[in-house]
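Note sheet for the following structure.
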Amino acid sequence: MARSIVATLVGLCASSGSARAEHDMAAMSENHQHEGSELSAGVAIEAAQFDTMSYVGSYQGITPSLGWMRGRFGAGATVGLYHLNKNGLSLYGIGDAMFTGHAMVFSTETVQTGLALHLMVPSGSELDGLGMGHVMALPSAWATWRSHRVAFRATAGYGWALTGSGGQHNHGPSPLVDPMNMQEVTWSAGGDLEVAHGVRVGGRAQGGIPIGVGSDRVIGAGRVAWGTPRISTAFELQLGLAGDPFTVRGVVETTLRF
């Protein structure tokens, strides 16, 4: 059951950069059920439409990820590769890379909690709308509760730019493929239900609240996931409800554990 729940958690932050950080690697803690080492490899494919005050267009991306877990501790890395079309201009490039360390703090049959620290490095071009242009630090905490076929989860975090620029974006949501604020509180909440052996359906909401200059972001999503303890696949349809993160986005992801 725990592995099925984590299959629902992993990659949900393929939604926006800060949100992705709060789910991906921290979720591995709940999935890990023994003291030995475990590796995971995954890939997420996404396609989105956006319509902001400055840009109209779409993007497609593929995001490979690697993870490692031993006991209560783990680490991971991920980076996206994108094709972006904004105001008729087509370009290709990589996004900002994310590195994560995480640990489970408390665990019972029904409740798990954990902490994570994410570091996003500016490998993507800020000018092209593929990166923030500076290092971002994103500590977060997560908790899950499950009983029989039902599971609920929530995350909370804080992101800030490690830069002396004053912590202000004045050009709208940035980057286009992962909009976030220079300083913000992030949150998410959702749940899922096992409808058949190895198949779960659910929904969630997530967002970012700026500290200082910025804009609120809210995303709503529905999701279906299926698989085995070793390999899982999921599809999520996401809607941008506030803050122009995107209009609509679809994400398909597969994770292999070995």
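Lettering and numbering for the structure tokens are positional, with chains as A, B, ... in the shown order, residues counted from 1 in each chain, and ligands counted from 1 in the shown order.
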
Would you list, as a PyMOL selection string, the residues of stretch 44-163 of chain A that end up in strand (DSSP E) under DSSP run on this structure's backbone? chain A and resi 44-51+56-70+73-78+81-86+89-94+97-107+111-121+136-147+150-161

Prev. selection, C-alpha atoms, output as a PDB file, in the first residue's frame:
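Ended up saving to part_34.pdb:
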ATOM      1  CA  ALA A  44       8.090  12.644 -16.858  1.00  0.00           C
ATOM      2  CA  ILE A  45       6.727  13.972 -20.160  1.00  0.00           C
ATOM      3  CA  GLU A  46       4.639  17.132 -20.078  1.00  0.00           C
ATOM      4  CA  ALA A  47       2.818  19.465 -22.464  1.00  0.00           C
ATOM      5  CA  ALA A  48       1.285  22.806 -21.522  1.00  0.00           C
ATOM      6  CA  GLN A  49      -0.442  25.908 -22.871  1.00  0.00           C
ATOM      7  CA  PHE A  50       0.088  29.315 -21.245  1.00  0.00           C
ATOM      8  CA  ASP A  51      -1.376  32.798 -21.643  1.00  0.00           C
ATOM      9  CA  VAL A  56       1.144  33.362 -25.230  1.00  0.00           C
ATOM     10  CA  GLY A  57       2.323  29.932 -26.288  1.00  0.00           C
ATOM     11  CA  SER A  58       3.065  26.389 -25.274  1.00  0.00           C
ATOM     12  CA  TYR A  59       5.868  24.099 -24.191  1.00  0.00           C
ATOM     13  CA  GLN A  60       6.698  20.413 -24.134  1.00  0.00           C
ATOM     14  CA  GLY A  61       9.227  18.878 -21.787  1.00  0.00           C
ATOM     15  CA  ILE A  62      10.882  15.648 -20.754  1.00  0.00           C
ATOM     16  CA  THR A  63      12.292  15.413 -17.229  1.00  0.00           C
ATOM     17  CA  PRO A  64      14.540  12.485 -16.238  1.00  0.00           C
ATOM     18  CA  SER A  65      15.200  11.912 -12.538  1.00  0.00           C
ATOM     19  CA  LEU A  66      17.440   9.778 -10.323  1.00  0.00           C
ATOM     20  CA  GLY A  67      16.955   8.942  -6.656  1.00  0.00           C
ATOM     21  CA  TRP A  68      18.699   7.055  -3.861  1.00  0.00           C
ATOM     22  CA  MET A  69      17.355   5.936  -0.476  1.00  0.00           C
ATOM     23  CA  ARG A  70      18.892   4.145   2.509  1.00  0.00           C
ATOM     24  CA  PHE A  73      17.591   9.188   4.311  1.00  0.00           C
ATOM     25  CA  GLY A  74      17.796   9.834   0.607  1.00  0.00           C
ATOM     26  CA  ALA A  75      18.853  12.146  -2.196  1.00  0.00           C
ATOM     27  CA  GLY A  76      17.884  12.845  -5.770  1.00  0.00           C
ATOM     28  CA  ALA A  77      18.414  14.973  -8.851  1.00  0.00           C
ATOM     29  CA  THR A  78      16.253  16.044 -11.787  1.00  0.00           C
ATOM     30  CA  LEU A  81      14.580  19.433 -21.297  1.00  0.00           C
ATOM     31  CA  TYR A  82      12.118  21.729 -23.102  1.00  0.00           C
ATOM     32  CA  HIS A  83      10.747  22.920 -26.405  1.00  0.00           C
ATOM     33  CA  LEU A  84       9.214  26.338 -25.779  1.00  0.00           C
ATOM     34  CA  ASN A  85       7.077  28.405 -28.122  1.00  0.00           C
ATOM     35  CA  LYS A  86       6.386  31.944 -26.856  1.00  0.00           C
ATOM     36  CA  LEU A  89       9.328  32.153 -31.211  1.00  0.00           C
ATOM     37  CA  SER A  90      10.386  28.478 -31.019  1.00  0.00           C
ATOM     38  CA  LEU A  91      13.419  27.433 -28.983  1.00  0.00           C
ATOM     39  CA  TYR A  92      14.945  24.433 -27.214  1.00  0.00           C
ATOM     40  CA  GLY A  93      16.884  24.254 -23.953  1.00  0.00           C
ATOM     41  CA  ILE A  94      17.270  22.796 -20.477  1.00  0.00           C
ATOM     42  CA  ALA A  97      18.416  21.461 -12.268  1.00  0.00           C
ATOM     43  CA  MET A  98      17.124  20.366  -8.853  1.00  0.00           C
ATOM     44  CA  PHE A  99      19.144  18.539  -6.180  1.00  0.00           C
ATOM     45  CA  THR A 100      17.427  17.202  -3.060  1.00  0.00           C
ATOM     46  CA  GLY A 101      18.253  15.665   0.295  1.00  0.00           C
ATOM     47  CA  HIS A 102      15.422  14.276   2.444  1.00  0.00           C
ATOM     48  CA  ALA A 103      14.684  12.280   5.577  1.00  0.00           C
ATOM     49  CA  MET A 104      11.707  10.557   7.146  1.00  0.00           C
ATOM     50  CA  VAL A 105      11.082  11.915  10.646  1.00  0.00           C
ATOM     51  CA  PHE A 106       8.181   9.795  11.881  1.00  0.00           C
ATOM     52  CA  SER A 107       6.507   6.657  10.555  1.00  0.00           C
ATOM     53  CA  VAL A 111       1.100   8.271   9.321  1.00  0.00           C
ATOM     54  CA  GLN A 112       4.431   9.343   7.840  1.00  0.00           C
ATOM     55  CA  THR A 113       6.163  12.712   8.099  1.00  0.00           C
ATOM     56  CA  GLY A 114       9.415  13.990   6.677  1.00  0.00           C
ATOM     57  CA  LEU A 115      11.666  16.922   5.818  1.00  0.00           C
ATOM     58  CA  ALA A 116      13.524  17.831   2.645  1.00  0.00           C
ATOM     59  CA  LEU A 117      15.966  20.468   1.425  1.00  0.00           C
ATOM     60  CA  HIS A 118      15.982  21.269  -2.280  1.00  0.00           C
ATOM     61  CA  LEU A 119      18.541  23.337  -4.148  1.00  0.00           C
ATOM     62  CA  MET A 120      17.729  24.592  -7.626  1.00  0.00           C
ATOM     63  CA  VAL A 121      20.694  25.759  -9.712  1.00  0.00           C
ATOM     64  CA  MET A 136      16.876  28.846  -5.190  1.00  0.00           C
ATOM     65  CA  ALA A 137      16.752  27.111  -1.787  1.00  0.00           C
ATOM     66  CA  LEU A 138      13.529  25.263  -0.919  1.00  0.00           C
ATOM     67  CA  PRO A 139      13.210  23.554   2.486  1.00  0.00           C
ATOM     68  CA  SER A 140       9.900  21.750   2.990  1.00  0.00           C
ATOM     69  CA  ALA A 141       7.972  19.372   5.232  1.00  0.00           C
ATOM     70  CA  TRP A 142       5.430  16.696   4.238  1.00  0.00           C
ATOM     71  CA  ALA A 143       2.937  14.404   5.921  1.00  0.00           C
ATOM     72  CA  THR A 144       0.727  11.549   4.708  1.00  0.00           C
ATOM     73  CA  TRP A 145      -2.127   9.598   6.270  1.00  0.00           C
ATOM     74  CA  ARG A 146      -3.620   6.406   4.881  1.00  0.00           C
ATOM     75  CA  SER A 147      -6.276   3.923   5.904  1.00  0.00           C
ATOM     76  CA  VAL A 150      -7.739   6.010   1.063  1.00  0.00           C
ATOM     77  CA  ALA A 151      -4.727   8.301   1.432  1.00  0.00           C
ATOM     78  CA  PHE A 152      -4.313  12.018   2.146  1.00  0.00           C
ATOM     79  CA  ARG A 153      -1.203  14.148   2.026  1.00  0.00           C
ATOM     80  CA  ALA A 154      -0.045  17.736   2.547  1.00  0.00           C
ATOM     81  CA  THR A 155       3.173  19.681   2.144  1.00  0.00           C
ATOM     82  CA  ALA A 156       4.427  23.089   3.228  1.00  0.00           C
ATOM     83  CA  GLY A 157       7.641  24.818   2.256  1.00  0.00           C
ATOM     84  CA  TYR A 158       9.518  28.047   1.835  1.00  0.00           C
ATOM     85  CA  GLY A 159      11.528  29.119  -1.200  1.00  0.00           C
ATOM     86  CA  TRP A 160      13.920  32.016  -1.523  1.00  0.00           C
ATOM     87  CA  ALA A 161      16.487  33.212  -4.024  1.00  0.00           C
TER      88      ALA A 161
END

So which residues touch stretch 225-234 of chain A within 7 Å, counting only C-alpha atoms, skipping near sequence neighbours fewer than 2 positions away, as a PyMOL selection string? chain A and resi 3+7-8+198-201+223+236+252-258

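If you look at atom CA of A:Thr163 and atom CA of A:Val79, they are 21.2 Å away from each other.
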
For A:Gly207, work out the shell of residues within 10 Å, counting only C-alpha atoms and skipping chain neighbours fewer than 4 positions away, then give it as a VMD selection string. chain A and resid 15 to 16 18 to 19 156 180 184 to 189 216 to 220 240 to 243 245

The selected residues should be written to file as a PDB file, in the first residue's frame (atoms: C-alpha atoms).
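File produced: part.pdb:
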ATOM      1  CA  SER A  15       3.631  20.956 -11.650  1.00  0.00           C
ATOM      2  CA  SER A  16       5.826  23.855 -10.819  1.00  0.00           C
ATOM      3  CA  SER A  18       8.834  24.606  -5.941  1.00  0.00           C
ATOM      4  CA  ALA A  19       5.908  22.213  -5.825  1.00  0.00           C
ATOM      5  CA  ALA A 156       4.427  23.089   3.228  1.00  0.00           C
ATOM      6  CA  MET A 180       7.613  30.993  -8.969  1.00  0.00           C
ATOM      7  CA  GLU A 184       7.321  32.458  -1.308  1.00  0.00           C
ATOM      8  CA  VAL A 185       5.519  30.010   0.932  1.00  0.00           C
ATOM      9  CA  THR A 186       4.468  26.865  -0.946  1.00  0.00           C
ATOM     10  CA  TRP A 187       1.650  24.475  -0.045  1.00  0.00           C
ATOM     11  CA  SER A 188      -0.213  21.480  -1.389  1.00  0.00           C
ATOM     12  CA  ALA A 189      -2.993  19.159  -0.245  1.00  0.00           C
ATOM     13  CA  ASP A 216      -0.236  34.082  -5.828  1.00  0.00           C
ATOM     14  CA  ARG A 217      -0.344  30.817  -7.781  1.00  0.00           C
ATOM     15  CA  VAL A 218      -2.937  28.064  -7.486  1.00  0.00           C
ATOM     16  CA  ILE A 219      -3.067  24.817  -9.475  1.00  0.00           C
ATOM     17  CA  GLY A 220      -5.776  22.146  -9.407  1.00  0.00           C
ATOM     18  CA  GLY A 240      -3.880  26.872 -13.683  1.00  0.00           C
ATOM     19  CA  LEU A 241      -6.486  28.477 -11.413  1.00  0.00           C
ATOM     20  CA  ALA A 242      -4.638  31.656 -10.376  1.00  0.00           C
ATOM     21  CA  GLY A 243      -1.380  33.455 -11.083  1.00  0.00           C
ATOM     22  CA  PRO A 245       1.293  29.330 -14.112  1.00  0.00           C
TER      23      PRO A 245
END
